[in-house]
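Heads up, input-v6.cif below (mmCIF, C-alpha atoms):
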data_protein
loop_
_atom_site.group_PDB
_atom_site.id
_atom_site.type_symbol
_atom_site.label_atom_id
_atom_site.label_comp_id
_atom_site.auth_asym_id
_atom_site.auth_seq_id
_atom_site.Cartn_x
_atom_site.Cartn_y
_atom_site.Cartn_z
ATOM 1 C CA MET A 1 -6.344 -25.494 -2.895
ATOM 2 C CA ALA A 2 -8.961 -25.211 -5.559
ATOM 3 C CA ARG A 3 -6.696 -23.207 -7.832
ATOM 4 C CA SER A 4 -5.522 -25.280 -10.766
ATOM 5 C CA LYS A 5 -1.828 -25.190 -11.546
ATOM 6 C CA LEU A 6 -0.545 -23.405 -14.623
ATOM 7 C CA THR A 7 0.835 -25.899 -17.134
ATOM 8 C CA PHE A 8 3.621 -25.533 -19.706
ATOM 9 C CA ASP A 9 1.172 -25.921 -22.603
ATOM 10 C CA GLN A 10 -1.028 -23.085 -21.312
ATOM 11 C CA VAL A 11 1.841 -20.602 -21.561
ATOM 12 C CA LYS A 12 3.221 -18.892 -24.643
ATOM 13 C CA GLU A 13 5.994 -16.367 -25.159
ATOM 14 C CA GLY A 14 4.707 -12.840 -24.608
ATOM 15 C CA ASP A 15 2.087 -13.902 -22.058
ATOM 16 C CA ALA A 16 1.780 -11.584 -19.084
ATOM 17 C CA ALA A 17 0.998 -12.540 -15.516
ATOM 18 C CA PRO A 18 -1.923 -10.711 -13.886
ATOM 19 C CA VAL A 19 -0.660 -7.265 -12.824
ATOM 20 C CA GLN A 20 -0.327 -6.751 -9.064
ATOM 21 C CA ARG A 21 -0.633 -3.305 -7.528
ATOM 22 C CA HIS A 22 0.090 -1.972 -4.080
ATOM 23 C CA GLU A 23 0.352 1.525 -2.655
ATOM 24 C CA LEU A 24 3.328 1.489 -0.322
ATOM 25 C CA ASN A 25 2.680 2.765 3.203
ATOM 26 C CA ARG A 26 4.643 3.097 6.417
ATOM 27 C CA THR A 27 2.963 0.082 7.986
ATOM 28 C CA ASP A 28 4.415 -2.041 5.141
ATOM 29 C CA LEU A 29 7.884 -0.742 6.051
ATOM 30 C CA VAL A 30 7.425 -1.534 9.735
ATOM 31 C CA MET A 31 6.007 -4.990 9.007
ATOM 32 C CA TYR A 32 8.869 -5.819 6.671
ATOM 33 C CA ALA A 33 11.442 -4.534 9.169
ATOM 34 C CA GLY A 34 9.991 -6.826 11.834
ATOM 35 C CA ALA A 35 9.677 -9.800 9.499
ATOM 36 C CA SER A 36 13.190 -9.512 8.063
ATOM 37 C CA GLY A 37 15.202 -8.124 10.976
ATOM 38 C CA ASP A 38 16.321 -5.142 8.897
ATOM 39 C CA PHE A 39 16.046 -2.316 11.406
ATOM 40 C CA ASN A 40 18.002 0.270 9.446
ATOM 41 C CA PRO A 41 16.266 3.458 10.704
ATOM 42 C CA MET A 42 16.124 4.838 7.143
ATOM 43 C CA HIS A 43 13.187 2.430 6.682
ATOM 44 C CA HIS A 44 11.117 3.343 9.762
ATOM 45 C CA ASP A 45 12.344 6.544 11.421
ATOM 46 C CA ASP A 46 11.317 9.698 9.514
ATOM 47 C CA THR A 47 13.276 11.942 11.887
ATOM 48 C CA LYS A 48 16.524 10.116 11.135
ATOM 49 C CA ALA A 49 15.769 9.733 7.412
ATOM 50 C CA THR A 50 15.133 13.471 6.924
ATOM 51 C CA ALA A 51 18.208 14.321 9.036
ATOM 52 C CA ALA A 52 20.204 12.156 6.602
ATOM 53 C CA GLY A 53 18.883 14.221 3.683
ATOM 54 C CA PHE A 54 16.072 11.956 2.443
ATOM 55 C CA PRO A 55 12.552 13.322 1.919
ATOM 56 C CA SER A 56 11.156 10.562 4.171
ATOM 57 C CA VAL A 57 11.714 6.950 5.128
ATOM 58 C CA PHE A 58 12.031 4.647 2.128
ATOM 59 C CA GLY A 59 11.168 1.034 1.399
ATOM 60 C CA HIS A 60 13.422 -1.983 1.834
ATOM 61 C CA GLY A 61 14.710 -3.249 -1.512
ATOM 62 C CA MET A 62 13.980 -6.777 -0.355
ATOM 63 C CA PHE A 63 10.348 -5.843 0.325
ATOM 64 C CA SER A 64 10.080 -4.897 -3.359
ATOM 65 C CA ALA A 65 11.782 -8.164 -4.309
ATOM 66 C CA GLY A 66 9.355 -10.088 -2.095
ATOM 67 C CA PHE A 67 6.336 -8.367 -3.624
ATOM 68 C CA LEU A 68 7.663 -9.083 -7.115
ATOM 69 C CA ALA A 69 8.158 -12.732 -6.102
ATOM 70 C CA LYS A 70 4.533 -12.876 -4.932
ATOM 71 C CA ALA A 71 3.403 -11.629 -8.360
ATOM 72 C CA LEU A 72 5.478 -14.441 -9.899
ATOM 73 C CA THR A 73 4.251 -17.241 -7.631
ATOM 74 C CA ASP A 74 0.622 -16.127 -7.987
ATOM 75 C CA TYR A 75 1.122 -16.824 -11.700
ATOM 76 C CA VAL A 76 3.434 -19.856 -11.893
ATOM 77 C CA GLY A 77 2.451 -21.401 -8.561
ATOM 78 C CA ILE A 78 4.219 -21.597 -5.211
ATOM 79 C CA GLY A 79 7.157 -23.999 -5.398
ATOM 80 C CA SER A 80 7.598 -23.660 -9.182
ATOM 81 C CA LEU A 81 10.408 -21.102 -9.220
ATOM 82 C CA ARG A 82 13.863 -22.452 -10.019
ATOM 83 C CA HIS A 83 15.640 -19.084 -10.295
ATOM 84 C CA PHE A 84 14.900 -15.492 -9.322
ATOM 85 C CA LYS A 85 17.230 -12.519 -9.634
ATOM 86 C CA VAL A 86 16.539 -8.860 -8.946
ATOM 87 C CA ARG A 87 18.422 -5.625 -9.603
ATOM 88 C CA PHE A 88 17.653 -2.683 -7.358
ATOM 89 C CA ALA A 89 17.392 0.451 -9.507
ATOM 90 C CA LYS A 90 15.622 3.121 -7.430
ATOM 91 C CA GLN A 91 14.307 3.601 -3.915
ATOM 92 C CA THR A 92 10.601 3.226 -3.149
ATOM 93 C CA TRP A 93 8.728 5.804 -1.071
ATOM 94 C CA PRO A 94 5.564 5.745 1.029
ATOM 95 C CA GLY A 95 2.700 6.693 -1.275
ATOM 96 C CA ASP A 96 4.303 5.057 -4.342
ATOM 97 C CA ASP A 97 1.707 3.251 -6.420
ATOM 98 C CA LEU A 98 3.712 0.098 -7.138
ATOM 99 C CA THR A 99 2.859 -2.199 -10.021
ATOM 100 C CA ALA A 100 4.462 -5.613 -10.522
ATOM 101 C CA ARG A 101 4.555 -6.886 -14.099
ATOM 102 C CA CYS A 102 5.843 -10.277 -15.265
ATOM 103 C CA THR A 103 6.105 -11.440 -18.861
ATOM 104 C CA VAL A 104 7.033 -14.798 -20.362
ATOM 105 C CA VAL A 105 10.073 -14.327 -22.583
ATOM 106 C CA ARG A 106 11.030 -17.916 -23.403
ATOM 107 C CA LYS A 107 9.863 -21.515 -23.133
ATOM 108 C CA ARG A 108 12.352 -24.382 -23.213
ATOM 109 C CA VAL A 109 12.682 -28.044 -22.365
ATOM 110 C CA GLU A 110 15.971 -29.055 -20.755
ATOM 111 C CA ASN A 111 16.771 -32.472 -19.282
ATOM 112 C CA GLY A 112 13.076 -33.263 -19.307
ATOM 113 C CA GLN A 113 12.238 -30.101 -17.352
ATOM 114 C CA HIS A 114 9.618 -27.777 -18.838
ATOM 115 C CA LEU A 115 11.014 -24.335 -18.113
ATOM 116 C CA VAL A 116 9.561 -20.878 -18.590
ATOM 117 C CA ASP A 117 11.764 -17.760 -18.409
ATOM 118 C CA LEU A 118 10.128 -14.562 -17.270
ATOM 119 C CA GLU A 119 11.136 -10.925 -17.022
ATOM 120 C CA CYS A 120 9.572 -8.829 -14.319
ATOM 121 C CA SER A 121 9.640 -5.302 -13.011
ATOM 122 C CA LEU A 122 8.243 -3.175 -10.234
ATOM 123 C CA VAL A 123 7.378 0.346 -11.399
ATOM 124 C CA ASP A 124 5.786 3.346 -9.693
ATOM 125 C CA GLY A 125 2.848 5.439 -10.923
ATOM 126 C CA LYS A 126 5.161 7.580 -13.048
ATOM 127 C CA GLY A 127 6.615 4.536 -14.760
ATOM 128 C CA GLU A 128 9.967 4.687 -12.985
ATOM 129 C CA VAL A 129 11.468 1.202 -12.639
ATOM 130 C CA LYS A 130 12.270 0.470 -8.984
ATOM 131 C CA VAL A 131 13.324 -3.152 -9.340
ATOM 132 C CA SER A 132 13.854 -5.278 -12.422
ATOM 133 C CA GLY A 133 14.214 -8.998 -12.383
ATOM 134 C CA GLU A 134 14.287 -12.297 -14.162
ATOM 135 C CA ALA A 135 12.962 -15.669 -13.160
ATOM 136 C CA THR A 136 12.698 -19.249 -14.333
ATOM 137 C CA ALA A 137 9.820 -21.522 -13.383
ATOM 138 C CA GLU A 138 9.393 -25.232 -13.942
ATOM 139 C CA LEU A 139 5.836 -26.061 -14.947
ATOM 140 C CA PRO A 140 4.016 -29.358 -15.295
ATOM 141 C CA ALA A 141 3.993 -30.503 -18.932
ATOM 142 C CA MET B 142 43.120 2.020 -5.399
ATOM 143 C CA ALA B 143 44.231 -1.545 -5.907
ATOM 144 C CA ILE B 144 41.817 -4.073 -4.567
ATOM 145 C CA ASP B 145 42.737 -7.337 -2.903
ATOM 146 C CA LYS B 146 41.702 -10.009 -5.400
ATOM 147 C CA SER B 147 42.986 -12.723 -3.061
ATOM 148 C CA ILE B 148 39.679 -12.647 -1.173
ATOM 149 C CA ILE B 149 37.943 -14.290 -4.171
ATOM 150 C CA GLY B 150 37.170 -17.859 -3.161
ATOM 151 C CA GLN B 151 37.670 -17.167 0.541
ATOM 152 C CA PRO B 152 34.982 -18.480 2.906
ATOM 153 C CA THR B 153 32.605 -15.931 4.452
ATOM 154 C CA GLY B 154 31.096 -18.223 7.049
ATOM 155 C CA LYS B 155 29.089 -21.300 7.927
ATOM 156 C CA SER B 156 25.635 -21.274 9.450
ATOM 157 C CA ARG B 157 22.920 -23.572 10.730
ATOM 158 C CA ILE B 158 19.344 -22.388 10.327
ATOM 159 C CA VAL B 159 16.023 -23.752 11.563
ATOM 160 C CA ILE B 160 12.881 -23.029 9.536
ATOM 161 C CA GLU B 161 9.887 -22.341 11.786
ATOM 162 C CA ARG B 162 6.206 -21.836 11.037
ATOM 163 C CA GLY B 163 5.601 -18.517 12.836
ATOM 164 C CA PRO B 164 8.294 -16.487 11.058
ATOM 165 C CA VAL B 165 7.395 -17.976 7.655
ATOM 166 C CA GLY B 166 3.761 -16.927 8.005
ATOM 167 C CA ILE B 167 4.684 -13.454 9.248
ATOM 168 C CA PHE B 168 7.236 -12.973 6.475
ATOM 169 C CA ALA B 169 4.703 -13.978 3.783
ATOM 170 C CA ARG B 170 2.206 -11.411 5.098
ATOM 171 C CA ALA B 171 4.946 -8.753 5.216
ATOM 172 C CA VAL B 172 5.562 -9.134 1.457
ATOM 173 C CA LYS B 173 1.785 -8.876 0.871
ATOM 174 C CA ASP B 174 1.330 -12.559 0.098
ATOM 175 C CA ASP B 175 -1.874 -13.801 1.730
ATOM 176 C CA SER B 176 -1.722 -17.336 0.282
ATOM 177 C CA PRO B 177 -3.014 -19.890 2.834
ATOM 178 C CA ILE B 178 -0.194 -22.206 1.683
ATOM 179 C CA TYR B 179 2.219 -20.147 3.848
ATOM 180 C CA GLN B 180 -0.151 -20.168 6.845
ATOM 181 C CA SER B 181 -1.839 -23.548 7.075
ATOM 182 C CA PRO B 182 -0.362 -27.072 6.995
ATOM 183 C CA GLU B 183 -3.643 -28.326 5.458
ATOM 184 C CA ALA B 184 -3.509 -25.760 2.637
ATOM 185 C CA ALA B 185 0.157 -26.628 2.050
ATOM 186 C CA ARG B 186 -0.635 -30.372 1.845
ATOM 187 C CA ALA B 187 -3.588 -29.703 -0.466
ATOM 188 C CA ALA B 188 -1.163 -27.836 -2.758
ATOM 189 C CA GLY B 189 1.155 -30.840 -2.806
ATOM 190 C CA PHE B 190 3.683 -29.849 -0.132
ATOM 191 C CA GLU B 191 4.659 -32.167 2.697
ATOM 192 C CA ARG B 192 4.949 -29.146 5.032
ATOM 193 C CA ILE B 193 4.476 -25.362 4.757
ATOM 194 C CA PRO B 194 6.939 -23.972 2.173
ATOM 195 C CA VAL B 195 8.699 -20.608 2.468
ATOM 196 C CA PRO B 196 8.217 -17.574 0.174
ATOM 197 C CA PRO B 197 10.876 -17.126 -2.557
ATOM 198 C CA THR B 198 12.805 -14.358 -0.779
ATOM 199 C CA TYR B 199 12.650 -15.868 2.729
ATOM 200 C CA GLY B 200 16.226 -17.082 2.212
ATOM 201 C CA PHE B 201 17.351 -13.507 2.818
ATOM 202 C CA ALA B 202 15.662 -13.337 6.239
ATOM 203 C CA MET B 203 15.915 -16.913 7.510
ATOM 204 C CA SER B 204 19.195 -16.573 9.395
ATOM 205 C CA TYR B 205 17.670 -13.702 11.402
ATOM 206 C CA TRP B 206 14.842 -15.999 12.547
ATOM 207 C CA GLY B 207 16.473 -19.394 12.769
ATOM 208 C CA GLY B 208 20.213 -18.912 13.219
ATOM 209 C CA PHE B 209 20.167 -19.608 16.964
ATOM 210 C CA PRO B 210 23.592 -18.986 18.538
ATOM 211 C CA GLU B 211 23.902 -22.360 20.314
ATOM 212 C CA ILE B 212 23.413 -24.370 17.106
ATOM 213 C CA GLN B 213 26.041 -22.561 15.030
ATOM 214 C CA PRO B 214 28.931 -24.679 13.685
ATOM 215 C CA ALA B 215 32.053 -24.541 15.862
ATOM 216 C CA ASP B 216 34.291 -24.539 12.793
ATOM 217 C CA ASP B 217 32.734 -21.394 11.283
ATOM 218 C CA PRO B 218 35.574 -19.646 9.406
ATOM 219 C CA GLY B 219 33.539 -16.412 9.664
ATOM 220 C CA LYS B 220 34.385 -16.354 13.371
ATOM 221 C CA LYS B 221 38.086 -16.084 12.584
ATOM 222 C CA ARG B 222 37.776 -13.595 9.762
ATOM 223 C CA ASN B 223 34.641 -11.669 8.781
ATOM 224 C CA ILE B 224 35.500 -10.761 5.185
ATOM 225 C CA LEU B 225 32.291 -8.822 4.537
ATOM 226 C CA MET B 226 32.894 -6.541 7.504
ATOM 227 C CA GLU B 227 36.585 -6.299 6.706
ATOM 228 C CA VAL B 228 36.090 -5.319 3.061
ATOM 229 C CA MET B 229 33.096 -3.045 3.461
ATOM 230 C CA GLY B 230 34.509 -1.468 6.624
ATOM 231 C CA GLY B 231 37.742 -0.725 4.767
ATOM 232 C CA LEU B 232 35.870 0.843 1.865
ATOM 233 C CA MET B 233 33.584 2.877 4.120
ATOM 234 C CA SER B 234 36.609 4.375 5.856
ATOM 235 C CA GLN B 235 37.164 6.197 2.537
ATOM 236 C CA GLY B 236 33.603 7.574 2.648
ATOM 237 C CA GLY B 237 30.822 6.761 0.187
ATOM 238 C CA VAL B 238 27.808 4.529 0.459
ATOM 239 C CA ILE B 239 27.089 0.803 0.308
ATOM 240 C CA LEU B 240 24.243 -0.296 -1.940
ATOM 241 C CA HIS B 241 22.555 -3.661 -2.339
ATOM 242 C CA GLY B 242 22.828 -3.928 -6.110
ATOM 243 C CA GLU B 243 21.472 -7.363 -6.926
ATOM 244 C CA GLN B 244 20.109 -10.421 -5.194
ATOM 245 C CA GLU B 245 19.800 -13.842 -6.737
ATOM 246 C CA PHE B 246 18.176 -17.102 -5.626
ATOM 247 C CA VAL B 247 18.561 -20.547 -7.189
ATOM 248 C CA TYR B 248 15.971 -23.001 -5.868
ATOM 249 C CA HIS B 249 16.956 -26.667 -5.825
ATOM 250 C CA ARG B 250 13.902 -27.857 -3.870
ATOM 251 C CA PRO B 251 11.328 -25.979 -1.770
ATOM 252 C CA ILE B 252 12.491 -25.063 1.740
ATOM 253 C CA MET B 253 9.815 -26.108 4.236
ATOM 254 C CA VAL B 254 8.933 -25.558 7.873
ATOM 255 C CA GLY B 255 10.837 -28.107 9.954
ATOM 256 C CA ASP B 256 13.928 -28.058 7.748
ATOM 257 C CA VAL B 257 17.317 -27.532 9.323
ATOM 258 C CA LEU B 258 19.734 -26.021 6.820
ATOM 259 C CA ALA B 259 23.509 -25.962 6.767
ATOM 260 C CA GLY B 260 24.823 -22.894 4.957
ATOM 261 C CA GLU B 261 28.288 -22.199 3.626
ATOM 262 C CA GLY B 262 29.353 -18.917 2.059
ATOM 263 C CA LYS B 263 32.250 -17.636 -0.015
ATOM 264 C CA VAL B 264 33.350 -14.608 -2.007
ATOM 265 C CA VAL B 265 32.750 -15.268 -5.712
ATOM 266 C CA ASP B 266 33.876 -11.961 -7.183
ATOM 267 C CA PHE B 267 35.457 -8.659 -6.193
ATOM 268 C CA TYR B 268 36.179 -5.896 -8.696
ATOM 269 C CA GLU B 269 36.250 -2.176 -9.273
ATOM 270 C CA ARG B 270 34.692 -0.045 -12.045
ATOM 271 C CA GLU B 271 34.731 3.651 -12.762
ATOM 272 C CA SER B 272 31.509 5.250 -13.864
ATOM 273 C CA LYS B 273 30.823 8.978 -14.342
ATOM 274 C CA GLY B 274 33.751 9.944 -12.133
ATOM 275 C CA LYS B 275 32.627 7.596 -9.351
ATOM 276 C CA VAL B 276 34.521 4.530 -8.204
ATOM 277 C CA MET B 277 32.279 1.519 -7.768
ATOM 278 C CA THR B 278 33.556 -1.554 -5.939
ATOM 279 C CA PHE B 279 31.538 -4.750 -6.325
ATOM 280 C CA LEU B 280 31.603 -7.607 -3.819
ATOM 281 C CA ILE B 281 29.662 -10.726 -4.759
ATOM 282 C CA THR B 282 29.131 -13.419 -2.164
ATOM 283 C CA GLU B 283 27.424 -16.772 -2.541
ATOM 284 C CA ASN B 284 25.782 -18.993 0.055
ATOM 285 C CA VAL B 285 24.809 -22.613 -0.527
ATOM 286 C CA TYR B 286 22.255 -24.067 1.880
ATOM 287 C CA ARG B 287 21.872 -27.829 2.228
ATOM 288 C CA ASP B 288 19.212 -29.892 3.943
ATOM 289 C CA GLU B 289 21.067 -31.182 6.965
ATOM 290 C CA LYS B 290 19.330 -34.588 6.827
ATOM 291 C CA SER B 291 19.957 -35.432 3.183
ATOM 292 C CA GLY B 292 22.988 -33.255 2.487
ATOM 293 C CA GLN B 293 21.292 -32.134 -0.723
ATOM 294 C CA PRO B 294 21.434 -28.448 -1.715
ATOM 295 C CA VAL B 295 18.101 -26.639 -1.371
ATOM 296 C CA LEU B 296 19.032 -23.021 -2.067
ATOM 297 C CA THR B 297 21.904 -21.000 -3.485
ATOM 298 C CA THR B 298 21.880 -17.228 -2.914
ATOM 299 C CA ARG B 299 24.127 -14.584 -4.449
ATOM 300 C CA MET B 300 24.357 -11.048 -3.160
ATOM 301 C CA ASN B 301 25.948 -8.151 -4.989
ATOM 302 C CA LEU B 302 27.034 -5.304 -2.714
ATOM 303 C CA ILE B 303 28.310 -2.087 -4.257
ATOM 304 C CA HIS B 304 30.453 0.525 -2.578
ATOM 305 C CA ARG B 305 30.221 3.871 -4.411
ATOM 306 C CA ARG B 306 32.374 6.894 -3.755
#

Using structure tokens, write down the structure that the file contains.
Amino acid sequence: MARSKLTFDQVKEGDAAPVQRHELNRTDLVMYAGASGDFNPMHHDDTKATAAGFPSVFGHGMFSAGFLAKALTDYVGIGSLRHFKVRFAKQTWPGDDLTARCTVVRKRVENGQHLVDLECSLVDGKGEVKVSGEATAELPA
Amino acid sequence: MAIDKSIIGQPTGKSRIVIERGPVGIFARAVKDDSPIYQSPEAARAAGFERIPVPPTYGFAMSYWGGFPEIQPADDPGKKRNILMEVMGGLMSQGGVILHGEQEFVYHRPIMVGDVLAGEGKVVDFYERESKGKVMTFLITENVYRDEKSGQPVLTTRMNLIHRR
């Protein structure tokens, strides 16, 4: 890989990772169902979802978490995460313009490890938070 | 309704999981991650990995792909008593919905294709809260996955399920 790794010194509190955007579509839902084994029909069968009172099928929470994780690893590097936690706030819907944002909130050195704490969120086009999260990455000094 | 606090600390099950290349690559694409590190052993090595690593949330899907029935531990306490089903089934009999509230991952070392993991789960918390006239019951389970070869932990996951009625 030509991409150089982010280092601890390059990061400061308040830094933001490059924003990642994706418009959710039904193919995403089907792909995630197949890749995760979550075949709850609310995520792929519009007939059943509307019969259950939903406007349409809706996204898997863990798809949102996975997309948020991708935004994190694109920034800190694959293999750098030490901790990742998400809270599922709202459902996602096909057509949602999803934006993943990650911000550095703290830098610390513990037991010789150079750690960076981040806060992240996945919001739709109206600014509604779908998933919020926190992460810690260990970066090279 | 009183809840049965005695389930805190009880085992939820043991598992044995194989990490394979095909599912890892497919899973990465499904979360919109097109990094070659998840697809190609060469790209993974160039990035400093011995073998292809897994995406951060793969731990939630890996038992679906690699928990083959014939390799499961014979002494799995989950076979005797499935606490998750027991608790959530009991709550659902009163109506309401089950929500996945939170999911947490602690990474001890990267999980890679070729790993065989031994997982062990337990209930870490179980409590009830009232909010806006609704009763919310929280069940938090934890799974620790170890590299079978070294015995070292590679991943700890915590799942927070909420029953709301």

Open item on the list: Taking (2.1, -22.4, -20.0) as a centre in this file's frame and 10 Å as the limit, can you find every polymer residue with an atom that close, using all atoms listed in the file, and give them as a list in words?
Closed with: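 I get Lys5, Leu6, Thr7, Phe8, Asp9, Gln10, Val11, Lys12, Glu13, Asp15, Val76, Val104, Lys107, His114, Leu115, Val116, Glu138, Leu139, Pro140 and Ala141 of chain A for the residues within 10 Å of that point.
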
Serialized selection, C-alpha atoms, as a compact mmCIF listing (two decimals), in the frame of the given file:
# COMPACT_ATOMS: atom_id res chain seq x y z
CA LYS A 5 -1.83 -25.19 -11.55
CA LEU A 6 -0.55 -23.40 -14.62
CA THR A 7 0.84 -25.90 -17.13
CA PHE A 8 3.62 -25.53 -19.71
CA ASP A 9 1.17 -25.92 -22.60
CA GLN A 10 -1.03 -23.08 -21.31
CA VAL A 11 1.84 -20.60 -21.56
CA LYS A 12 3.22 -18.89 -24.64
CA GLU A 13 5.99 -16.37 -25.16
CA ASP A 15 2.09 -13.90 -22.06
CA VAL A 76 3.43 -19.86 -11.89
CA VAL A 104 7.03 -14.80 -20.36
CA LYS A 107 9.86 -21.52 -23.13
CA HIS A 114 9.62 -27.78 -18.84
CA LEU A 115 11.01 -24.34 -18.11
CA VAL A 116 9.56 -20.88 -18.59
CA GLU A 138 9.39 -25.23 -13.94
CA LEU A 139 5.84 -26.06 -14.95
CA PRO A 140 4.02 -29.36 -15.30
CA ALA A 141 3.99 -30.50 -18.93

Open item on the list: So that I can check the surroundings of Thr92 (chain A), please list as a list in words every protein, DNA and RNA residue that reaches within 9 Å of it, counting all atoms listed in the file and ignoring chain neighbours fewer than 3 positions away.
Closed with: Leu24, Phe58, Gly59, His60, Gly61, Ser64, Gly95, Asp96, Leu98, Asp124 and Lys130 of chain A

TODO: Apply the PyMOL selection byres ((chain A and resi 131) around 9) to the file shown and report the selected residues as a PyMOL selection string.
DONE: chain A and resi 61+64-65+68+86-91+120-123+129-130+132-133

Can you write out as a tab-separated table which residues of chain A fall within 8 Å of chain B, alongside each residue's closest atom pair and its distance in Å to one decimal, counting only C-alpha atoms and ordering rows by chain and ascending residue number?
residue	atom	partner	partner_atom	distance
A:Met1	CA	B:Ala187	CA	5.6
A:Asp28	CA	B:Ala171	CA	6.7
A:Met31	CA	B:Ala171	CA	5.4
A:Tyr32	CA	B:Ala171	CA	5.1
A:Ala35	CA	B:Phe168	CA	5.0
A:Ser36	CA	B:Ala202	CA	4.9
A:Gly37	CA	B:Tyr205	CA	6.1
A:Gly61	CA	B:His241	CA	7.9
A:Met62	CA	B:Thr198	CA	7.7
A:Phe63	CA	B:Val172	CA	5.9
A:Ser64	CA	B:Val172	CA	7.8
A:Ala65	CA	B:Thr198	CA	7.2
A:Gly66	CA	B:Val172	CA	5.3
A:Phe67	CA	B:Val172	CA	5.2
A:Ala69	CA	B:Pro197	CA	6.3
A:Lys70	CA	B:Asp174	CA	6.0
A:Ile78	CA	B:Pro196	CA	7.8
A:Gly79	CA	B:Pro251	CA	5.9
A:Leu81	CA	B:Tyr248	CA	6.8
A:Arg82	CA	B:Tyr248	CA	4.7
A:His83	CA	B:Val247	CA	4.5
A:Phe84	CA	B:Phe246	CA	5.2
A:Lys85	CA	B:Glu245	CA	4.1
A:Val86	CA	B:Gln244	CA	5.4
A:Arg87	CA	B:Glu243	CA	4.4
A:Phe88	CA	B:Gly242	CA	5.5
A:Ala89	CA	B:Gly242	CA	7.8

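Note on the selection: in this file the PyMOL selection byres ((chain B and resi 283) around 9) comes out as Thr153, Glu261, Gly262, Lys263, Val264, Val265, Ile281, Thr282, Asn284, Val285, Thr297, Thr298, Arg299 and Met300 of chain B.
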
- [ ] Quick one: pull the distance between CA of Val109 (chain A) and CA of Ser80 (chain A), Å, one decimal.
- [x] 14.8 Å

Task: Selection near Asp145 (chain B), 10 Å with all atoms listed in the file, sequence-local residues under 4 positions removed, as number ranges by chain - done: B: 149, 228, 267-268

- [ ] Quick one: everything within 6 Å of Ile303 (chain B), counting only C-alpha atoms, minus sequence neighbours fewer than 4 positions away in the same chain. Send it as a count of residues only.
- [x] 4

- [ ] State, in Å with one decimal place, the distance from CA of Arg26 (chain A) to CA of Asp74 (chain A).
- [x]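 Straight-line distance from CA of Arg26 (chain A) to CA of Asp74 (chain A) works out to 24.4 Å.
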
TODO: Grab the CA of Ser147 (chain B) to CA of Asp216 (chain B) distance for me, in Å with one decimal place.
DONE: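 So the answer is 21.6 Å.
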